[in-house]
Structure formats: structure tokens, C-alpha cells
$ cat upload16.cif   # mmCIF, N, CA and C atoms
data_my_file
#
loop_
_atom_site.label_atom_id
_atom_site.label_comp_id
_atom_site.auth_asym_id
_atom_site.auth_seq_id
_atom_site.Cartn_x
_atom_site.Cartn_y
_atom_site.Cartn_z
N GLU A 1 -4.73 -5.32 14.39
CA GLU A 1 -3.80 -4.23 14.22
C GLU A 1 -2.55 -4.70 13.51
N LEU A 2 -1.94 -3.79 12.79
CA LEU A 2 -0.67 -4.10 12.16
C LEU A 2 0.42 -3.89 13.19
N GLY A 3 1.23 -4.90 13.39
CA GLY A 3 2.28 -4.80 14.38
C GLY A 3 3.45 -5.71 14.02
N PRO A 4 4.41 -5.81 14.93
CA PRO A 4 5.61 -6.60 14.63
C PRO A 4 5.34 -8.07 14.37
N MET A 5 4.24 -8.59 14.86
CA MET A 5 3.94 -10.02 14.69
C MET A 5 2.99 -10.29 13.53
N THR A 6 2.53 -9.26 12.83
CA THR A 6 1.53 -9.44 11.78
C THR A 6 2.03 -10.36 10.67
N THR A 7 3.24 -10.11 10.19
CA THR A 7 3.79 -10.95 9.13
C THR A 7 3.96 -12.38 9.61
N TYR A 8 4.49 -12.54 10.81
CA TYR A 8 4.69 -13.87 11.37
C TYR A 8 3.36 -14.61 11.47
N ASP A 9 2.35 -13.94 11.97
CA ASP A 9 1.02 -14.58 12.10
C ASP A 9 0.47 -14.99 10.74
N THR A 10 0.66 -14.16 9.74
CA THR A 10 0.18 -14.48 8.40
C THR A 10 0.93 -15.68 7.84
N MET A 11 2.21 -15.75 8.09
CA MET A 11 3.00 -16.85 7.55
C MET A 11 2.60 -18.18 8.19
N GLN A 12 1.87 -18.13 9.29
CA GLN A 12 1.37 -19.36 9.91
C GLN A 12 0.15 -19.89 9.18
N GLN A 13 -0.46 -19.05 8.32
CA GLN A 13 -1.63 -19.47 7.55
C GLN A 13 -1.15 -20.31 6.36
N THR A 14 -1.62 -21.53 6.27
CA THR A 14 -1.11 -22.43 5.24
C THR A 14 -1.43 -21.98 3.82
N GLY A 15 -2.55 -21.34 3.60
CA GLY A 15 -2.91 -20.92 2.24
C GLY A 15 -1.91 -19.96 1.64
N VAL A 16 -1.38 -19.07 2.45
CA VAL A 16 -0.42 -18.08 1.96
C VAL A 16 0.90 -18.76 1.65
N VAL A 17 1.39 -19.58 2.56
CA VAL A 17 2.70 -20.21 2.40
C VAL A 17 2.68 -21.25 1.29
N ASP A 18 1.65 -22.06 1.21
CA ASP A 18 1.57 -23.10 0.18
C ASP A 18 1.62 -22.51 -1.21
N MET A 19 0.98 -21.37 -1.40
CA MET A 19 0.95 -20.76 -2.71
C MET A 19 2.35 -20.39 -3.19
N PHE A 20 3.20 -19.96 -2.27
CA PHE A 20 4.55 -19.59 -2.66
C PHE A 20 5.33 -20.79 -3.16
N GLY A 21 5.19 -21.90 -2.48
CA GLY A 21 5.90 -23.10 -2.91
C GLY A 21 5.44 -23.57 -4.27
N ASP A 22 4.15 -23.43 -4.54
CA ASP A 22 3.59 -23.90 -5.80
C ASP A 22 3.90 -22.97 -6.97
N LYS A 23 3.79 -21.68 -6.74
CA LYS A 23 3.87 -20.74 -7.87
C LYS A 23 5.20 -20.03 -8.00
N LEU A 24 5.77 -19.60 -6.90
CA LEU A 24 7.01 -18.83 -6.99
C LEU A 24 8.26 -19.68 -6.85
N GLU A 25 8.10 -20.87 -6.32
CA GLU A 25 9.23 -21.73 -6.03
C GLU A 25 10.26 -20.98 -5.21
N GLY A 26 9.78 -20.13 -4.34
CA GLY A 26 10.67 -19.34 -3.50
C GLY A 26 10.75 -19.92 -2.11
N CYS A 27 11.58 -19.33 -1.33
CA CYS A 27 11.75 -19.79 0.04
C CYS A 27 10.82 -19.00 0.96
N LEU A 28 10.77 -19.43 2.19
CA LEU A 28 9.92 -18.77 3.17
C LEU A 28 10.35 -17.32 3.38
N TRP A 29 11.63 -17.05 3.24
CA TRP A 29 12.13 -15.68 3.37
C TRP A 29 11.53 -14.78 2.29
N ASP A 30 11.48 -15.26 1.04
CA ASP A 30 10.87 -14.48 -0.04
C ASP A 30 9.40 -14.21 0.26
N ALA A 31 8.71 -15.24 0.72
CA ALA A 31 7.28 -15.10 1.02
C ALA A 31 7.05 -14.08 2.11
N SER A 32 7.81 -14.17 3.19
CA SER A 32 7.61 -13.24 4.30
C SER A 32 7.99 -11.82 3.90
N THR A 33 8.97 -11.67 3.03
CA THR A 33 9.37 -10.34 2.56
C THR A 33 8.24 -9.71 1.74
N ILE A 34 7.63 -10.49 0.85
CA ILE A 34 6.53 -9.98 0.03
C ILE A 34 5.35 -9.59 0.92
N VAL A 35 5.01 -10.45 1.87
CA VAL A 35 3.90 -10.16 2.78
C VAL A 35 4.20 -8.91 3.61
N ASP A 36 5.39 -8.85 4.18
CA ASP A 36 5.76 -7.71 5.01
C ASP A 36 5.76 -6.41 4.21
N ASN A 37 6.27 -6.45 2.99
CA ASN A 37 6.29 -5.24 2.16
C ASN A 37 4.88 -4.75 1.85
N HIS A 38 3.95 -5.66 1.66
CA HIS A 38 2.57 -5.24 1.39
C HIS A 38 1.90 -4.69 2.65
N TYR A 39 2.25 -5.20 3.81
CA TYR A 39 1.72 -4.62 5.04
C TYR A 39 2.28 -3.22 5.25
N ARG A 40 3.54 -3.03 4.93
CA ARG A 40 4.13 -1.70 5.04
C ARG A 40 3.49 -0.74 4.03
N MET A 41 3.21 -1.26 2.82
CA MET A 41 2.54 -0.43 1.81
C MET A 41 1.14 -0.04 2.31
N LEU A 42 0.43 -0.98 2.91
CA LEU A 42 -0.90 -0.69 3.48
C LEU A 42 -0.79 0.43 4.51
N LYS A 43 0.18 0.31 5.40
CA LYS A 43 0.38 1.33 6.43
C LYS A 43 0.68 2.69 5.81
N ASP A 44 1.57 2.71 4.83
CA ASP A 44 1.91 3.97 4.18
C ASP A 44 0.71 4.58 3.47
N CYS A 45 -0.08 3.75 2.81
CA CYS A 45 -1.29 4.25 2.14
C CYS A 45 -2.26 4.84 3.15
N MET A 46 -2.41 4.17 4.30
CA MET A 46 -3.31 4.68 5.33
C MET A 46 -2.83 6.03 5.86
N ILE A 47 -1.54 6.15 6.10
CA ILE A 47 -0.98 7.39 6.64
C ILE A 47 -1.14 8.53 5.64
N GLN A 48 -0.86 8.24 4.37
CA GLN A 48 -0.93 9.28 3.33
C GLN A 48 -2.36 9.53 2.86
N GLY A 49 -3.25 8.57 3.09
CA GLY A 49 -4.61 8.71 2.60
C GLY A 49 -4.68 8.62 1.09
N ASP A 50 -3.68 7.96 0.49
CA ASP A 50 -3.59 7.86 -0.97
C ASP A 50 -3.15 6.46 -1.32
N TYR A 51 -3.93 5.80 -2.17
CA TYR A 51 -3.65 4.40 -2.49
C TYR A 51 -2.99 4.24 -3.87
N SER A 52 -2.56 5.34 -4.46
CA SER A 52 -1.88 5.25 -5.75
C SER A 52 -0.51 4.60 -5.61
N LEU A 53 0.01 4.50 -4.40
CA LEU A 53 1.28 3.83 -4.16
C LEU A 53 1.23 2.38 -4.67
N VAL A 54 0.09 1.73 -4.53
CA VAL A 54 -0.05 0.35 -5.00
C VAL A 54 0.15 0.30 -6.51
N ASP A 55 -0.49 1.22 -7.23
CA ASP A 55 -0.31 1.29 -8.68
C ASP A 55 1.15 1.52 -9.04
N ASP A 56 1.79 2.45 -8.33
CA ASP A 56 3.18 2.78 -8.61
C ASP A 56 4.10 1.58 -8.40
N VAL A 57 3.90 0.86 -7.32
CA VAL A 57 4.76 -0.29 -7.01
C VAL A 57 4.64 -1.35 -8.10
N TYR A 58 3.41 -1.70 -8.46
CA TYR A 58 3.23 -2.74 -9.48
C TYR A 58 3.67 -2.28 -10.86
N HIS A 59 3.49 -1.01 -11.15
CA HIS A 59 3.98 -0.47 -12.42
C HIS A 59 5.49 -0.60 -12.48
N ASN A 60 6.18 -0.28 -11.38
CA ASN A 60 7.64 -0.38 -11.35
C ASN A 60 8.11 -1.83 -11.43
N LEU A 61 7.40 -2.75 -10.80
CA LEU A 61 7.78 -4.16 -10.90
C LEU A 61 7.74 -4.64 -12.35
N ALA A 62 6.81 -4.12 -13.11
CA ALA A 62 6.62 -4.57 -14.49
C ALA A 62 7.46 -3.80 -15.52
N ASN A 63 7.89 -2.60 -15.16
CA ASN A 63 8.49 -1.75 -16.19
C ASN A 63 9.90 -1.24 -15.87
N VAL A 64 10.36 -1.38 -14.65
CA VAL A 64 11.68 -0.88 -14.28
C VAL A 64 12.61 -2.09 -14.09
N PRO A 65 13.77 -2.06 -14.75
CA PRO A 65 14.68 -3.21 -14.61
C PRO A 65 15.09 -3.44 -13.16
N PRO A 66 15.22 -4.67 -12.75
CA PRO A 66 14.94 -5.88 -13.51
C PRO A 66 13.44 -6.14 -13.58
N VAL A 67 12.92 -6.21 -14.78
CA VAL A 67 11.49 -6.38 -15.02
C VAL A 67 11.09 -7.81 -14.63
N LEU A 68 10.04 -7.91 -13.86
CA LEU A 68 9.53 -9.23 -13.49
C LEU A 68 8.55 -9.72 -14.54
N PRO A 69 8.53 -11.03 -14.78
CA PRO A 69 7.55 -11.57 -15.74
C PRO A 69 6.13 -11.42 -15.19
N PRO A 70 5.15 -11.28 -16.08
CA PRO A 70 3.76 -11.08 -15.64
C PRO A 70 3.26 -12.17 -14.69
N GLU A 71 3.68 -13.42 -14.91
CA GLU A 71 3.23 -14.51 -14.04
C GLU A 71 3.71 -14.29 -12.61
N GLN A 72 4.92 -13.81 -12.46
CA GLN A 72 5.47 -13.58 -11.13
C GLN A 72 4.77 -12.40 -10.45
N ILE A 73 4.47 -11.37 -11.20
CA ILE A 73 3.76 -10.22 -10.65
C ILE A 73 2.35 -10.64 -10.22
N ASP A 74 1.70 -11.46 -11.04
CA ASP A 74 0.37 -11.96 -10.66
C ASP A 74 0.43 -12.77 -9.38
N THR A 75 1.47 -13.58 -9.24
CA THR A 75 1.62 -14.40 -8.04
C THR A 75 1.87 -13.53 -6.82
N ILE A 76 2.68 -12.51 -6.98
CA ILE A 76 2.93 -11.58 -5.87
C ILE A 76 1.63 -10.88 -5.47
N ALA A 77 0.86 -10.42 -6.45
CA ALA A 77 -0.41 -9.75 -6.16
C ALA A 77 -1.38 -10.72 -5.48
N ASP A 78 -1.40 -11.96 -5.93
CA ASP A 78 -2.28 -12.95 -5.31
C ASP A 78 -1.86 -13.23 -3.87
N ALA A 79 -0.56 -13.29 -3.63
CA ALA A 79 -0.06 -13.50 -2.27
C ALA A 79 -0.43 -12.31 -1.38
N ALA A 80 -0.30 -11.11 -1.92
CA ALA A 80 -0.67 -9.92 -1.16
C ALA A 80 -2.15 -9.94 -0.84
N TYR A 81 -2.96 -10.34 -1.80
CA TYR A 81 -4.40 -10.44 -1.60
C TYR A 81 -4.71 -11.40 -0.45
N ARG A 82 -4.11 -12.57 -0.48
CA ARG A 82 -4.35 -13.56 0.58
C ARG A 82 -3.88 -13.06 1.94
N ALA A 83 -2.72 -12.42 1.94
CA ALA A 83 -2.18 -11.91 3.20
C ALA A 83 -3.07 -10.80 3.77
N LEU A 84 -3.54 -9.92 2.91
CA LEU A 84 -4.41 -8.84 3.37
C LEU A 84 -5.73 -9.38 3.89
N LEU A 85 -6.24 -10.43 3.27
CA LEU A 85 -7.46 -11.05 3.78
C LEU A 85 -7.25 -11.66 5.16
N CYS A 86 -6.04 -12.19 5.40
CA CYS A 86 -5.73 -12.73 6.73
C CYS A 86 -5.78 -11.62 7.78
N VAL A 87 -5.22 -10.48 7.44
CA VAL A 87 -5.21 -9.35 8.38
C VAL A 87 -6.63 -8.81 8.58
N ARG A 88 -7.44 -8.91 7.55
CA ARG A 88 -8.80 -8.37 7.60
C ARG A 88 -9.72 -9.16 8.54
N GLU A 89 -9.38 -10.39 8.83
CA GLU A 89 -10.24 -11.24 9.66
C GLU A 89 -10.50 -10.64 11.04
N GLU A 90 -9.46 -10.17 11.70
CA GLU A 90 -9.62 -9.63 13.06
C GLU A 90 -10.50 -8.38 13.09
N PRO A 91 -10.23 -7.36 12.24
CA PRO A 91 -11.13 -6.20 12.29
C PRO A 91 -12.56 -6.53 11.87
N ASP A 92 -12.72 -7.51 10.99
CA ASP A 92 -14.08 -7.95 10.64
C ASP A 92 -14.80 -8.47 11.88
N PHE A 93 -14.09 -9.28 12.64
CA PHE A 93 -14.67 -9.84 13.86
C PHE A 93 -14.99 -8.73 14.86
N VAL A 94 -14.05 -7.81 15.04
CA VAL A 94 -14.24 -6.71 15.98
C VAL A 94 -15.45 -5.86 15.60
N THR A 95 -15.56 -5.51 14.33
CA THR A 95 -16.68 -4.66 13.92
C THR A 95 -18.01 -5.39 14.06
N SER A 96 -18.04 -6.67 13.76
CA SER A 96 -19.31 -7.39 13.90
C SER A 96 -19.72 -7.50 15.36
N MET A 97 -18.76 -7.76 16.23
CA MET A 97 -19.08 -7.85 17.66
C MET A 97 -19.48 -6.50 18.24
N LEU A 98 -18.75 -5.47 17.91
CA LEU A 98 -19.03 -4.15 18.47
C LEU A 98 -20.28 -3.53 17.84
N ALA A 99 -20.56 -3.84 16.59
CA ALA A 99 -21.77 -3.30 15.96
C ALA A 99 -23.01 -3.79 16.70
N GLU A 100 -23.00 -5.05 17.10
CA GLU A 100 -24.12 -5.58 17.86
C GLU A 100 -24.28 -4.83 19.18
N SER A 101 -23.17 -4.57 19.85
CA SER A 101 -23.21 -3.87 21.13
C SER A 101 -23.65 -2.42 20.96
N MET A 102 -23.19 -1.80 19.88
CA MET A 102 -23.51 -0.39 19.67
C MET A 102 -24.96 -0.22 19.23
N ASP A 103 -25.52 -1.22 18.56
CA ASP A 103 -26.91 -1.14 18.11
C ASP A 103 -27.89 -1.50 19.21
N ALA A 104 -27.40 -2.15 20.25
CA ALA A 104 -28.28 -2.56 21.35
C ALA A 104 -28.74 -1.34 22.13
N PRO A 105 -29.86 -1.47 22.83
CA PRO A 105 -30.32 -0.35 23.67
C PRO A 105 -29.28 -0.03 24.75
N ALA A 106 -29.40 1.14 25.30
CA ALA A 106 -28.45 1.59 26.32
C ALA A 106 -28.29 0.54 27.41
N THR A 107 -27.03 0.39 27.80
CA THR A 107 -26.71 -0.61 28.82
C THR A 107 -26.14 0.07 30.05
N ASP A 108 -25.63 -0.74 30.91
CA ASP A 108 -25.04 -0.22 32.14
C ASP A 108 -23.58 0.22 31.97
N LEU A 109 -23.11 0.26 30.73
CA LEU A 109 -21.74 0.65 30.49
C LEU A 109 -21.55 2.13 30.80
N ASP A 110 -20.43 2.43 31.38
CA ASP A 110 -20.16 3.84 31.66
C ASP A 110 -19.73 4.54 30.36
N PHE A 111 -19.69 5.85 30.41
CA PHE A 111 -19.39 6.66 29.23
C PHE A 111 -18.03 6.31 28.65
N GLU A 112 -17.04 6.13 29.49
CA GLU A 112 -15.67 5.84 29.04
C GLU A 112 -15.61 4.50 28.30
N THR A 113 -16.29 3.51 28.80
CA THR A 113 -16.30 2.19 28.16
C THR A 113 -16.99 2.27 26.81
N GLU A 114 -18.10 2.98 26.74
CA GLU A 114 -18.80 3.14 25.45
C GLU A 114 -17.91 3.87 24.44
N ARG A 115 -17.21 4.89 24.91
CA ARG A 115 -16.32 5.64 24.03
C ARG A 115 -15.19 4.76 23.51
N GLU A 116 -14.63 3.93 24.36
CA GLU A 116 -13.56 3.02 23.94
C GLU A 116 -14.08 2.01 22.91
N MET A 117 -15.29 1.53 23.11
CA MET A 117 -15.89 0.60 22.16
C MET A 117 -16.08 1.26 20.80
N GLN A 118 -16.54 2.51 20.82
CA GLN A 118 -16.73 3.23 19.57
C GLN A 118 -15.39 3.46 18.86
N GLN A 119 -14.37 3.83 19.64
CA GLN A 119 -13.05 4.03 19.05
C GLN A 119 -12.52 2.74 18.43
N ASP A 120 -12.68 1.62 19.12
CA ASP A 120 -12.25 0.33 18.59
C ASP A 120 -13.02 -0.02 17.31
N PHE A 121 -14.31 0.26 17.32
CA PHE A 121 -15.15 -0.01 16.15
C PHE A 121 -14.66 0.81 14.96
N TYR A 122 -14.48 2.11 15.14
CA TYR A 122 -14.09 2.97 14.02
C TYR A 122 -12.65 2.70 13.58
N ARG A 123 -11.79 2.32 14.49
CA ARG A 123 -10.41 1.95 14.14
C ARG A 123 -10.42 0.69 13.27
N ALA A 124 -11.20 -0.31 13.68
CA ALA A 124 -11.30 -1.55 12.91
C ALA A 124 -11.93 -1.28 11.54
N LYS A 125 -12.95 -0.44 11.53
CA LYS A 125 -13.62 -0.11 10.27
C LYS A 125 -12.66 0.62 9.32
N ALA A 126 -11.83 1.50 9.85
CA ALA A 126 -10.85 2.21 9.02
C ALA A 126 -9.83 1.24 8.43
N LEU A 127 -9.40 0.26 9.22
CA LEU A 127 -8.46 -0.73 8.72
C LEU A 127 -9.11 -1.58 7.62
N ILE A 128 -10.35 -1.97 7.82
CA ILE A 128 -11.07 -2.74 6.78
C ILE A 128 -11.16 -1.94 5.49
N ASN A 129 -11.52 -0.67 5.60
CA ASN A 129 -11.64 0.18 4.41
C ASN A 129 -10.29 0.34 3.70
N ALA A 130 -9.21 0.47 4.48
CA ALA A 130 -7.88 0.60 3.89
C ALA A 130 -7.46 -0.69 3.19
N ILE A 131 -7.71 -1.81 3.83
CA ILE A 131 -7.38 -3.10 3.22
C ILE A 131 -8.17 -3.28 1.92
N ASP A 132 -9.44 -2.96 1.96
CA ASP A 132 -10.27 -3.07 0.75
C ASP A 132 -9.75 -2.16 -0.36
N SER A 133 -9.29 -0.98 0.00
CA SER A 133 -8.77 -0.05 -1.01
C SER A 133 -7.50 -0.58 -1.65
N VAL A 134 -6.62 -1.18 -0.84
CA VAL A 134 -5.40 -1.76 -1.40
C VAL A 134 -5.74 -2.97 -2.27
N ILE A 135 -6.61 -3.83 -1.78
CA ILE A 135 -7.01 -5.01 -2.56
C ILE A 135 -7.60 -4.60 -3.90
N GLU A 136 -8.40 -3.54 -3.88
CA GLU A 136 -9.02 -3.05 -5.12
C GLU A 136 -7.98 -2.63 -6.15
N LYS A 137 -6.84 -2.14 -5.68
CA LYS A 137 -5.78 -1.68 -6.57
C LYS A 137 -4.84 -2.80 -7.03
N LEU A 138 -4.87 -3.95 -6.36
CA LEU A 138 -3.97 -5.03 -6.74
C LEU A 138 -4.30 -5.52 -8.15
N PRO A 139 -3.27 -5.70 -8.98
CA PRO A 139 -3.49 -6.12 -10.36
C PRO A 139 -3.63 -7.65 -10.47
N ILE A 140 -4.63 -8.20 -9.84
CA ILE A 140 -4.80 -9.64 -9.85
C ILE A 140 -5.31 -10.08 -11.21
N GLU A 141 -4.41 -10.70 -11.97
CA GLU A 141 -4.69 -11.24 -13.29
C GLU A 141 -5.32 -10.22 -14.25
N THR A 142 -4.95 -8.96 -14.10
CA THR A 142 -5.49 -7.93 -14.99
C THR A 142 -4.41 -7.36 -15.91
N ASN A 143 -3.15 -7.49 -15.49
CA ASN A 143 -2.02 -6.91 -16.22
C ASN A 143 -2.17 -5.40 -16.39
N ASP A 144 -2.84 -4.76 -15.44
CA ASP A 144 -3.05 -3.31 -15.49
C ASP A 144 -1.77 -2.52 -15.24
N TYR A 145 -0.71 -3.20 -14.91
CA TYR A 145 0.52 -2.51 -14.53
C TYR A 145 1.45 -2.29 -15.72
N LYS A 146 1.11 -2.82 -16.87
CA LYS A 146 2.00 -2.69 -18.05
C LYS A 146 1.80 -1.32 -18.69
N ASP A 147 2.92 -0.79 -19.24
CA ASP A 147 2.86 0.47 -20.00
C ASP A 147 2.13 0.28 -21.29
#
$ encode --input "upload16.cif" --output "C-alpha cells"
Amino acid sequence: ELGPMTTYDTMQQTGVVDMFGDKLEGCLWDASTIVDNHYRMLKDCMIQGDYSLVDDVYHNLANVPPVLPPEQIDTIADAAYRALLCVREEPDFVTSMLAESMDAPATDLDFETEREMQQDFYRAKALINAIDSVIEKLPIETNDYKD
């Protein structure tokens, strides 16, 4: 789930943090801000049911002053990609575990427990689909954001 600790947990992943030092030469604050902003964008896209916000954000980074250089935009998109993959790990695990349980023959679980499992499964699946939709829109080395 996306929550107050999501950005912090992602920043503990060495692949995300190392990339910032190598490519952006930025500080940890810059890295966490980029990651947090992309998590907020993911949340907004999920609420609105529209992923064009990703296109709009990257278009503005490239075309509205102060214009960022393409290399920096690519690095930001790559960082967002890595961060979103970090968040995707938990719902992937949840769906794989619950899919096995849901596909199994009827068990001794009561109706309420089965319903909760289904809700958790569909919630995780929705998050995976949203993450995939945002990732699909990220301009990773495509320069699709230029006018």
C-alpha cells in the first residue's frame, strides 16, 4: 500500500539511491522528493482513473521554464521506474499468494475471511495495474515529452 513510509522504504533500496549519486549528482533530499512526487502522481492517477497526468508532468519538465535537459528528465524517469518497481513487489507477492488460495478447492475458511482475501487480492491487483499504467507512460529514453 502507498502510505507515509512508502518513500522512506524505497529510499532504503540501494538501486534507487545509488542511481541518483551516479547520474543526478543530487542529494538524498532530491532523490526522496522525486520518488515521493511520483508516488503522489500514481495516487492521483488512480483516483482520477486517468494516466495522462504522467504525460503532462514530463511535457512540462521539458518545455516549461526552467526547462530540464533531456538527460536529467531521463534520469528522473528511470528513478521513477525503479521506485515504482519497488512498490510493485509487495502487491505482486500478495496476488501470487492469494491467487493460489483462491484457486484452491473450498476450504474451512468462513465467508468473511474469504471475502477479505478477495478484497486484498483485487486491491493488490488494482495497484499493480496502476503502477504498470504509470510505468508505461514514463518517457524512459524515448524523449516523447518534447514538443
$ atom_distance --input "upload16.cif" --atom1 "CA of Ala79 (chain A)" --atom2 "CA of Leu138 (chain A)"
10.3 Å
$ resolve_selection --input "upload16.cif" --expression "the PyMOL selection byres ((chain A and resi 83) around 8)" --output "list in words"
Thr10, Met11, Gly15, Val16, Val35, His38, Tyr39, Ala77, Asp78, Ala79, Ala80, Tyr81, Arg82, Leu84, Leu85, Cys86, Val87 and Arg88 of chain A
$ write_last_selection --input "upload16.cif" --atoms "N, CA and C atoms" --output "compact mmCIF listing (two decimals), keeping the file's coordinate frame"
# COMPACT_ATOMS: atom_id res chain seq x y z
N THR A 10 0.66 -14.16 9.74
CA THR A 10 0.18 -14.48 8.40
C THR A 10 0.93 -15.68 7.84
N MET A 11 2.21 -15.75 8.09
CA MET A 11 3.00 -16.85 7.55
C MET A 11 2.60 -18.18 8.19
N GLY A 15 -2.55 -21.34 3.60
CA GLY A 15 -2.91 -20.92 2.24
C GLY A 15 -1.91 -19.96 1.64
N VAL A 16 -1.38 -19.07 2.45
CA VAL A 16 -0.42 -18.08 1.96
C VAL A 16 0.90 -18.76 1.65
N VAL A 35 5.01 -10.45 1.87
CA VAL A 35 3.90 -10.16 2.78
C VAL A 35 4.20 -8.91 3.61
N HIS A 38 3.95 -5.66 1.66
CA HIS A 38 2.57 -5.24 1.39
C HIS A 38 1.90 -4.69 2.65
N TYR A 39 2.25 -5.20 3.81
CA TYR A 39 1.72 -4.62 5.04
C TYR A 39 2.28 -3.22 5.25
N ALA A 77 0.86 -10.42 -6.45
CA ALA A 77 -0.41 -9.75 -6.16
C ALA A 77 -1.38 -10.72 -5.48
N ASP A 78 -1.40 -11.96 -5.93
CA ASP A 78 -2.28 -12.95 -5.31
C ASP A 78 -1.86 -13.23 -3.87
N ALA A 79 -0.56 -13.29 -3.63
CA ALA A 79 -0.06 -13.50 -2.27
C ALA A 79 -0.43 -12.31 -1.38
N ALA A 80 -0.30 -11.11 -1.92
CA ALA A 80 -0.67 -9.92 -1.16
C ALA A 80 -2.15 -9.94 -0.84
N TYR A 81 -2.96 -10.34 -1.80
CA TYR A 81 -4.40 -10.44 -1.60
C TYR A 81 -4.71 -11.40 -0.45
N ARG A 82 -4.11 -12.57 -0.48
CA ARG A 82 -4.35 -13.56 0.58
C ARG A 82 -3.88 -13.06 1.94
N LEU A 84 -3.54 -9.92 2.91
CA LEU A 84 -4.41 -8.84 3.37
C LEU A 84 -5.73 -9.38 3.89
N LEU A 85 -6.24 -10.43 3.27
CA LEU A 85 -7.46 -11.05 3.78
C LEU A 85 -7.25 -11.66 5.16
N CYS A 86 -6.04 -12.19 5.40
CA CYS A 86 -5.73 -12.73 6.73
C CYS A 86 -5.78 -11.62 7.78
N VAL A 87 -5.22 -10.48 7.44
CA VAL A 87 -5.21 -9.35 8.38
C VAL A 87 -6.63 -8.81 8.58
N ARG A 88 -7.44 -8.91 7.55
CA ARG A 88 -8.80 -8.37 7.60
C ARG A 88 -9.72 -9.16 8.54
$ closest_residue --input "upload16.cif" --among "A:Ile76, A:Phe111, A:Ala130, A:Ile140" --to "Ile34 (chain A)" --atoms "all atoms listed in the file"
A:Ile76
$ resolve_selection --input "upload16.cif" --expression "the PyMOL selection byres (((chain A and resi 62 and name CA) around 12) and name CA)" --output "MDAnalysis selection string"
chainID A and resid 55:61 63:74 76 139 143:147
$ atom_distance --input "upload16.cif" --atom1 "atom C of Leu42 (chain A)" --atom2 "CA of Ile131 (chain A)"
7.6 Å
$ atom_distance --input "upload16.cif" --atom1 "atom N of Ser96 (chain A)" --atom2 "atom C of Gln48 (chain A)"
25.0 Å
$ select_by_dssp --input "upload16.cif" --residues "region 54-88 of chain A" --states "alpha helix (DSSP H)" --output "PyMOL selection string"
chain A and resi 54-63+70-88
$ write_last_selection --input "upload16.cif" --atoms "N, CA and C atoms" --output "CSV table (one decimal), keeping the file's coordinate frame"
chain,number,residue,atom,x,y,z
A,54,VAL,N,0.1,1.7,-4.5
A,54,VAL,CA,0.0,0.4,-5.0
A,54,VAL,C,0.2,0.3,-6.5
A,55,ASP,N,-0.5,1.2,-7.2
A,55,ASP,CA,-0.3,1.3,-8.7
A,55,ASP,C,1.2,1.5,-9.0
A,56,ASP,N,1.8,2.4,-8.3
A,56,ASP,CA,3.2,2.8,-8.6
A,56,ASP,C,4.1,1.6,-8.4
A,57,VAL,N,3.9,0.9,-7.3
A,57,VAL,CA,4.8,-0.3,-7.0
A,57,VAL,C,4.6,-1.4,-8.1
A,58,TYR,N,3.4,-1.7,-8.5
A,58,TYR,CA,3.2,-2.7,-9.5
A,58,TYR,C,3.7,-2.3,-10.9
A,59,HIS,N,3.5,-1.0,-11.2
A,59,HIS,CA,4.0,-0.5,-12.4
A,59,HIS,C,5.5,-0.6,-12.5
A,60,ASN,N,6.2,-0.3,-11.4
A,60,ASN,CA,7.6,-0.4,-11.4
A,60,ASN,C,8.1,-1.8,-11.4
A,61,LEU,N,7.4,-2.8,-10.8
A,61,LEU,CA,7.8,-4.2,-10.9
A,61,LEU,C,7.7,-4.6,-12.4
A,62,ALA,N,6.8,-4.1,-13.1
A,62,ALA,CA,6.6,-4.6,-14.5
A,62,ALA,C,7.5,-3.8,-15.5
A,63,ASN,N,7.9,-2.6,-15.2
A,63,ASN,CA,8.5,-1.8,-16.2
A,63,ASN,C,9.9,-1.2,-15.9
A,70,PRO,N,5.2,-11.3,-16.1
A,70,PRO,CA,3.8,-11.1,-15.6
A,70,PRO,C,3.3,-12.2,-14.7
A,71,GLU,N,3.7,-13.4,-14.9
A,71,GLU,CA,3.2,-14.5,-14.0
A,71,GLU,C,3.7,-14.3,-12.6
A,72,GLN,N,4.9,-13.8,-12.5
A,72,GLN,CA,5.5,-13.6,-11.1
A,72,GLN,C,4.8,-12.4,-10.4
A,73,ILE,N,4.5,-11.4,-11.2
A,73,ILE,CA,3.8,-10.2,-10.6
A,73,ILE,C,2.4,-10.6,-10.2
A,74,ASP,N,1.7,-11.5,-11.0
A,74,ASP,CA,0.4,-12.0,-10.7
A,74,ASP,C,0.4,-12.8,-9.4
A,75,THR,N,1.5,-13.6,-9.2
A,75,THR,CA,1.6,-14.4,-8.0
A,75,THR,C,1.9,-13.5,-6.8
A,76,ILE,N,2.7,-12.5,-7.0
A,76,ILE,CA,2.9,-11.6,-5.9
A,76,ILE,C,1.6,-10.9,-5.5
A,77,ALA,N,0.9,-10.4,-6.4
A,77,ALA,CA,-0.4,-9.8,-6.2
A,77,ALA,C,-1.4,-10.7,-5.5
A,78,ASP,N,-1.4,-12.0,-5.9
A,78,ASP,CA,-2.3,-13.0,-5.3
A,78,ASP,C,-1.9,-13.2,-3.9
A,79,ALA,N,-0.6,-13.3,-3.6
A,79,ALA,CA,-0.1,-13.5,-2.3
A,79,ALA,C,-0.4,-12.3,-1.4
A,80,ALA,N,-0.3,-11.1,-1.9
A,80,ALA,CA,-0.7,-9.9,-1.2
A,80,ALA,C,-2.2,-9.9,-0.8
A,81,TYR,N,-3.0,-10.3,-1.8
A,81,TYR,CA,-4.4,-10.4,-1.6
A,81,TYR,C,-4.7,-11.4,-0.4
A,82,ARG,N,-4.1,-12.6,-0.5
A,82,ARG,CA,-4.4,-13.6,0.6
A,82,ARG,C,-3.9,-13.1,1.9
A,83,ALA,N,-2.7,-12.4,1.9
A,83,ALA,CA,-2.2,-11.9,3.2
A,83,ALA,C,-3.1,-10.8,3.8
A,84,LEU,N,-3.5,-9.9,2.9
A,84,LEU,CA,-4.4,-8.8,3.4
A,84,LEU,C,-5.7,-9.4,3.9
A,85,LEU,N,-6.2,-10.4,3.3
A,85,LEU,CA,-7.5,-11.0,3.8
A,85,LEU,C,-7.2,-11.7,5.2
A,86,CYS,N,-6.0,-12.2,5.4
A,86,CYS,CA,-5.7,-12.7,6.7
A,86,CYS,C,-5.8,-11.6,7.8
A,87,VAL,N,-5.2,-10.5,7.4
A,87,VAL,CA,-5.2,-9.4,8.4
A,87,VAL,C,-6.6,-8.8,8.6
A,88,ARG,N,-7.4,-8.9,7.6
A,88,ARG,CA,-8.8,-8.4,7.6
A,88,ARG,C,-9.7,-9.2,8.5
